[in-house]
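This is protein05.csv (CSV, C-alpha atoms).
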chain,number,residue,atom,x,y,z
U,1,MET,CA,-24.1,43.9,18.8
U,2,LEU,CA,-26.7,42.2,16.6
U,3,ALA,CA,-28.3,38.9,17.5
U,4,ARG,CA,-28.7,36.4,14.7
U,5,ASP,CA,-31.3,33.6,14.5
U,6,ASP,CA,-30.2,30.7,12.2
U,7,GLY,CA,-33.2,28.6,13.2
U,8,MET,CA,-30.9,26.1,15.0
U,9,ASP,CA,-32.0,26.4,18.6
U,10,MET,CA,-30.7,23.2,20.2
U,11,GLY,CA,-33.2,23.5,23.0
U,12,ASP,CA,-36.1,23.1,20.6
U,13,MET,CA,-34.6,20.1,18.7
U,14,ASP,CA,-36.6,16.9,18.8
U,15,MET,CA,-34.2,14.0,19.5
U,16,SER,CA,-36.8,11.4,18.4
U,17,GLY,CA,-35.7,11.9,14.8
U,18,MET,CA,-32.2,10.7,15.7
U,19,SER,CA,-33.3,7.0,16.1
U,20,HIS,CA,-31.9,5.9,12.8
U,21,ALA,CA,-28.6,7.7,13.1
U,22,SER,CA,-25.5,5.6,13.8
U,23,VAL,CA,-24.1,5.8,17.3
U,24,MET,CA,-20.3,6.6,17.6
U,25,HIS,CA,-18.9,4.8,20.6
U,26,MET,CA,-15.9,6.2,22.4
U,27,VAL,CA,-15.1,2.9,24.2
U,28,PHE,CA,-14.8,-0.6,23.0
U,29,GLN,CA,-18.1,-2.5,23.0
U,30,ASN,CA,-19.0,-6.1,22.2
U,31,SER,CA,-22.5,-5.8,20.6
U,32,VAL,CA,-23.2,-8.5,18.0
U,33,SER,CA,-25.4,-6.0,16.1
U,34,THR,CA,-22.9,-3.3,15.3
U,35,SER,CA,-23.3,-1.9,11.8
U,36,LEU,CA,-20.4,-2.3,9.4
U,37,TYR,CA,-20.1,0.3,6.6
U,38,SER,CA,-23.9,0.9,6.4
U,39,ASP,CA,-27.1,0.4,8.3
U,40,SER,CA,-28.0,-2.4,5.9
U,41,TRP,CA,-25.0,-4.3,7.0
U,42,THR,CA,-26.0,-4.8,10.6
U,43,PRO,CA,-25.8,-8.4,11.8
U,44,LYS,CA,-29.0,-9.5,13.5
U,45,THR,CA,-27.9,-13.0,14.6
U,46,ALA,CA,-24.7,-14.5,16.0
U,47,GLY,CA,-24.2,-16.3,12.7
U,48,ALA,CA,-24.4,-13.0,10.7
U,49,TYR,CA,-21.9,-11.5,13.2
U,50,ALA,CA,-19.5,-14.5,12.7
U,51,GLY,CA,-19.8,-14.0,8.9
U,52,THR,CA,-18.9,-10.4,9.3
U,53,ILE,CA,-15.9,-11.4,11.4
U,54,VAL,CA,-14.8,-13.9,8.7
U,55,PHE,CA,-15.2,-11.2,6.1
U,56,LEU,CA,-13.0,-8.8,8.0
U,57,ILE,CA,-10.3,-11.5,8.5
U,58,ILE,CA,-10.3,-12.2,4.7
U,59,LEU,CA,-10.2,-8.4,4.0
U,60,GLY,CA,-7.1,-8.1,6.3
U,61,VAL,CA,-5.4,-11.1,4.5
U,62,ALA,CA,-6.3,-9.5,1.1
U,63,PHE,CA,-4.7,-6.3,2.2
U,64,ARG,CA,-1.4,-8.0,3.0
U,65,LEU,CA,-1.6,-10.1,-0.2
U,66,LEU,CA,-2.0,-6.8,-2.2
U,67,LEU,CA,1.1,-5.3,-0.4
U,68,ALA,CA,3.1,-8.4,-1.3
U,69,GLY,CA,1.8,-8.4,-4.8
U,70,LYS,CA,2.8,-4.8,-5.3
U,71,ALA,CA,6.3,-5.4,-3.9
U,72,PHE,CA,6.7,-8.4,-6.3
U,73,ALA,CA,5.4,-6.4,-9.2
U,74,GLU,CA,7.8,-3.5,-8.4
U,75,GLU,CA,10.7,-5.9,-8.2
U,76,ARG,CA,9.7,-7.4,-11.6
U,77,TRP,CA,9.3,-4.0,-13.2
U,78,LEU,CA,12.7,-2.9,-11.9
U,79,ASP,CA,14.4,-6.1,-13.2
U,80,ALA,CA,12.8,-5.6,-16.6
U,81,GLU,CA,14.0,-2.0,-16.7
U,82,MET,CA,17.5,-3.0,-15.8
U,83,LYS,CA,17.5,-5.5,-18.7
U,84,ARG,CA,16.1,-3.0,-21.2
U,85,ARG,CA,18.6,-2.0,-23.9
U,86,TYR,CA,19.2,1.6,-24.7
U,87,VAL,CA,20.2,3.1,-28.0
U,88,VAL,CA,23.3,5.3,-28.2
U,89,VAL,CA,22.5,8.6,-29.9
U,90,GLN,CA,25.1,9.9,-32.4
U,91,GLY,CA,27.2,12.6,-31.0
U,92,LYS,CA,26.9,11.4,-27.4
U,93,LEU,CA,29.5,9.3,-25.6
U,94,PRO,CA,28.7,5.6,-25.2
U,95,VAL,CA,28.1,4.4,-21.7
U,96,ALA,CA,31.5,2.6,-21.6
U,97,GLU,CA,33.4,5.8,-22.5
U,98,GLN,CA,31.3,7.8,-20.0
U,99,VAL,CA,32.3,5.3,-17.2
U,100,SER,CA,36.0,5.3,-18.1
U,101,THR,CA,36.1,9.1,-18.0
U,102,ASP,CA,34.0,9.4,-14.8
U,103,SER,CA,36.1,10.8,-11.9
U,104,LEU,CA,34.1,8.6,-9.4
U,105,SER,CA,34.8,5.3,-11.3
U,106,LYS,CA,37.5,2.9,-10.0
U,107,ARG,CA,39.2,0.1,-11.7
U,108,MET,CA,39.1,-3.1,-9.7
U,109,THR,CA,39.7,-6.8,-10.2
U,110,LEU,CA,36.8,-9.2,-9.7
U,111,MET,CA,37.7,-12.8,-9.0
U,112,GLU,CA,35.1,-15.7,-9.1
U,113,ASN,CA,35.9,-19.4,-9.2
U,114,GLY,CA,39.6,-18.6,-10.0
U,115,VAL,CA,38.8,-16.4,-12.9
U,116,GLU,CA,40.0,-12.8,-12.7
U,117,GLU,CA,38.3,-10.0,-14.6
U,118,ASN,CA,39.0,-6.3,-14.7
U,119,VAL,CA,35.9,-4.2,-14.0
U,120,MET,CA,35.0,-0.6,-13.5
U,121,VAL,CA,33.0,0.3,-10.3
U,122,VAL,CA,30.9,3.3,-10.7
U,123,GLN,CA,29.2,5.3,-8.0
U,124,LYS,CA,25.7,6.6,-8.8
U,125,THR,CA,25.7,10.4,-8.1
U,126,LYS,CA,22.1,11.3,-8.6
U,127,VAL,CA,18.7,9.6,-8.8
U,128,HIS,CA,17.2,9.4,-12.2
U,129,PRO,CA,13.4,9.1,-12.2
U,130,ARG,CA,12.1,6.1,-14.2
U,131,PRO,CA,10.1,7.0,-17.3
U,132,TRP,CA,6.3,6.7,-17.4
U,133,ARG,CA,5.4,3.4,-19.0
U,134,LEU,CA,1.9,2.3,-20.2
U,135,SER,CA,2.7,-1.3,-19.2
U,136,VAL,CA,3.7,-0.4,-15.6
U,137,ASP,CA,2.2,2.8,-14.3
U,138,PRO,CA,-1.6,2.1,-14.7
U,139,VAL,CA,-1.2,-1.3,-13.0
U,140,ARG,CA,0.8,0.4,-10.2
U,141,ALA,CA,-2.0,3.0,-9.8
U,142,ILE,CA,-4.7,0.3,-9.7
U,143,LEU,CA,-2.7,-1.6,-7.0
U,144,ASP,CA,-2.2,1.6,-5.0
U,145,THR,CA,-5.9,2.4,-5.2
U,146,CYS,CA,-7.0,-1.1,-4.1
U,147,ILE,CA,-4.5,-1.0,-1.2
U,148,ALA,CA,-5.8,2.4,-0.1
U,149,GLY,CA,-9.4,1.3,-0.4
U,150,ILE,CA,-9.0,-1.8,1.6
U,151,SER,CA,-6.9,-0.1,4.3
U,152,TYR,CA,-9.7,2.6,4.6
U,153,LEU,CA,-12.3,-0.2,4.9
U,154,LEU,CA,-10.3,-1.9,7.6
U,155,MET,CA,-9.9,1.5,9.4
U,156,LEU,CA,-13.6,2.1,9.3
U,157,ALA,CA,-14.2,-1.4,10.8
U,158,VAL,CA,-11.9,-0.6,13.7
U,159,MET,CA,-13.6,2.8,14.2
U,160,THR,CA,-16.8,1.0,15.0
U,161,MET,CA,-15.1,0.3,18.4
U,162,ASN,CA,-16.5,-3.3,18.2
U,163,VAL,CA,-14.0,-5.7,19.9
U,164,GLY,CA,-14.8,-8.5,17.6
U,165,TYR,CA,-14.3,-6.4,14.5
U,166,PHE,CA,-11.0,-5.0,15.9
U,167,ILE,CA,-9.7,-8.5,16.7
U,168,ALA,CA,-10.8,-9.7,13.2
U,169,VAL,CA,-8.8,-6.9,11.6
U,170,LEU,CA,-5.7,-7.8,13.7
U,171,GLY,CA,-6.2,-11.5,13.0
U,172,GLY,CA,-6.4,-10.9,9.2
U,173,THR,CA,-3.3,-8.7,9.4
U,174,PHE,CA,-1.5,-11.5,11.4
U,175,ILE,CA,-2.5,-14.3,9.0
U,176,GLY,CA,-1.6,-12.2,5.9
U,177,SER,CA,1.7,-11.2,7.3
U,178,LEU,CA,2.4,-14.8,8.3
U,179,LEU,CA,1.7,-16.0,4.8
U,180,VAL,CA,3.3,-13.3,2.7
U,181,GLY,CA,5.0,-10.8,5.0
U,182,ARG,CA,8.5,-11.8,3.9
U,183,PHE,CA,7.8,-10.5,0.4
U,184,TYR,CA,7.3,-6.8,1.2
U,185,SER,CA,8.8,-4.2,3.5
U,186,ALA,CA,7.0,-3.4,6.8
U,187,GLU,CA,6.5,0.3,6.0
U,188,HIS,CA,2.7,0.1,5.5

Step by step, read the file and then write its structure as structure tokens.
Amino acid sequence: MLARDDGMDMGDMDMSGMSHASVMHMVFQNSVSTSLYSDSWTPKTAGAYAGTIVFLIILGVAFRLLLAGKAFAEERWLDAEMKRRYVVVQGKLPVAEQVSTDSLSKRMTLMENGVEENVMVVQKTKVHPRPWRLSVDPVRAILDTCIAGISYLLMLAVMTMNVGYFIAVLGGTFIGSLLVGRFYSAEH
């Protein structure tokens, strides 16, 4: 068996060079000088710590606003797609004829305000992917990237294990959900 020396003997390591490294806490702590995102963002006073807390609350609210904005945009894009008119290609059956020959379609009578109308009820058999659109997909990608970026920043704030930062993230989430939570699903 051969012994290998990588030059990494832990017994000889000088720990004095570790003074500038960030400390990863494994329990919650309440220090007002906990670094956020970098060593240069380390509050030195109670006022700077309070400003950092306010920033995290605003970031949490912005995260929920982006989720609501994306849900609103998705709904608007779907409405626009449903209102879009399609051209019938020669040699293909028009939609009305396709529906009437479809084995899953059913004739029904629809009554509203005393007026009866005969309609065809069609069951959708498969999901058709929406086409890529220059007016929709880049905006969707930008929204998703912003949502992911803010959620990672919030996660990093919580990972500092600072109680104030943790409560600020929860507070921002609460305020944002209180303001716009009804506009998006709670899957995020």

- Query: Using only C-alpha atoms, which of the listed residues (U:Cys146, U:Val180, U:Val169, U:Leu59) sits closest to U:Ala71?
  - Reply: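 The shortest atom-to-atom distance to U:Ala71 comes from U:Val180.
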
| request: Give me, please, the distance in Å between atom CA of U:Phe55 and atom CA of U:Tyr165, quoted to one decimal. | output: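 Computed distance, atom CA of U:Phe55 to atom CA of U:Tyr165, equals 9.7 Å.
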
List the spatial neighbours of U:Ser31 as a PyMOL selection string - criterion: any atom at most 10 Å away, all atoms listed in the file, same-chain residues fewer than 6 positions off excluded. chain U and resi 43+49+161-164

If we count only C-alpha atoms and set the cut-off at 9 Å, which residues sit around U:Ala73, ignoring sequence neighbours fewer than 4 positions away in its own chain? Please answer as a PDB file with C-alpha atoms, keeping the file's coordinate frame.
ATOM      1  CA  ALA U  68       3.100  -8.400  -1.300  1.00  0.00           C
ATOM      2  CA  GLY U  69       1.800  -8.400  -4.800  1.00  0.00           C
ATOM      3  CA  TRP U  77       9.300  -4.000 -13.200  1.00  0.00           C
ATOM      4  CA  LEU U  78      12.700  -2.900 -11.900  1.00  0.00           C
ATOM      5  CA  VAL U 136       3.700  -0.400 -15.600  1.00  0.00           C
ATOM      6  CA  ARG U 140       0.800   0.400 -10.200  1.00  0.00           C
TER       7      ARG U 140
END

Residues at most 8 Å from U:Val61, counting only C-alpha atoms, excluding those fewer than 4 positions away in the same chain, as a CSV table (one decimal) with C-alpha atoms, in the frame of the given file?
chain,number,residue,atom,x,y,z
U,57,ILE,CA,-10.3,-11.5,8.5
U,65,LEU,CA,-1.6,-10.1,-0.2
U,172,GLY,CA,-6.4,-10.9,9.2
U,173,THR,CA,-3.3,-8.7,9.4
U,174,PHE,CA,-1.5,-11.5,11.4
U,175,ILE,CA,-2.5,-14.3,9.0
U,176,GLY,CA,-1.6,-12.2,5.9
U,177,SER,CA,1.7,-11.2,7.3

Computed gap from atom CA of U:Ile167 to atom CA of U:Tyr37 is 17.0 Å

Report task. Taking (-4.6, -1.2, 2.1) in the file's own coordinates, collect the residues within 9 Å, counting only C-alpha atoms, and hand them back as JSON, numbers by chain. Result -> {"U": [60, 62, 63, 64, 66, 67, 144, 145, 146, 147, 148, 149, 150, 151, 152, 153, 154, 188]}

* Asked: Nearest to U:Glu81: which of U:Asp137, U:Arg130, U:Ser40, U:Val27 is it, counting only C-alpha atoms?
  ->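 Going through U:Asp137, U:Arg130, U:Ser40, U:Val27 one by one, the smallest distance to U:Glu81 is for U:Arg130.
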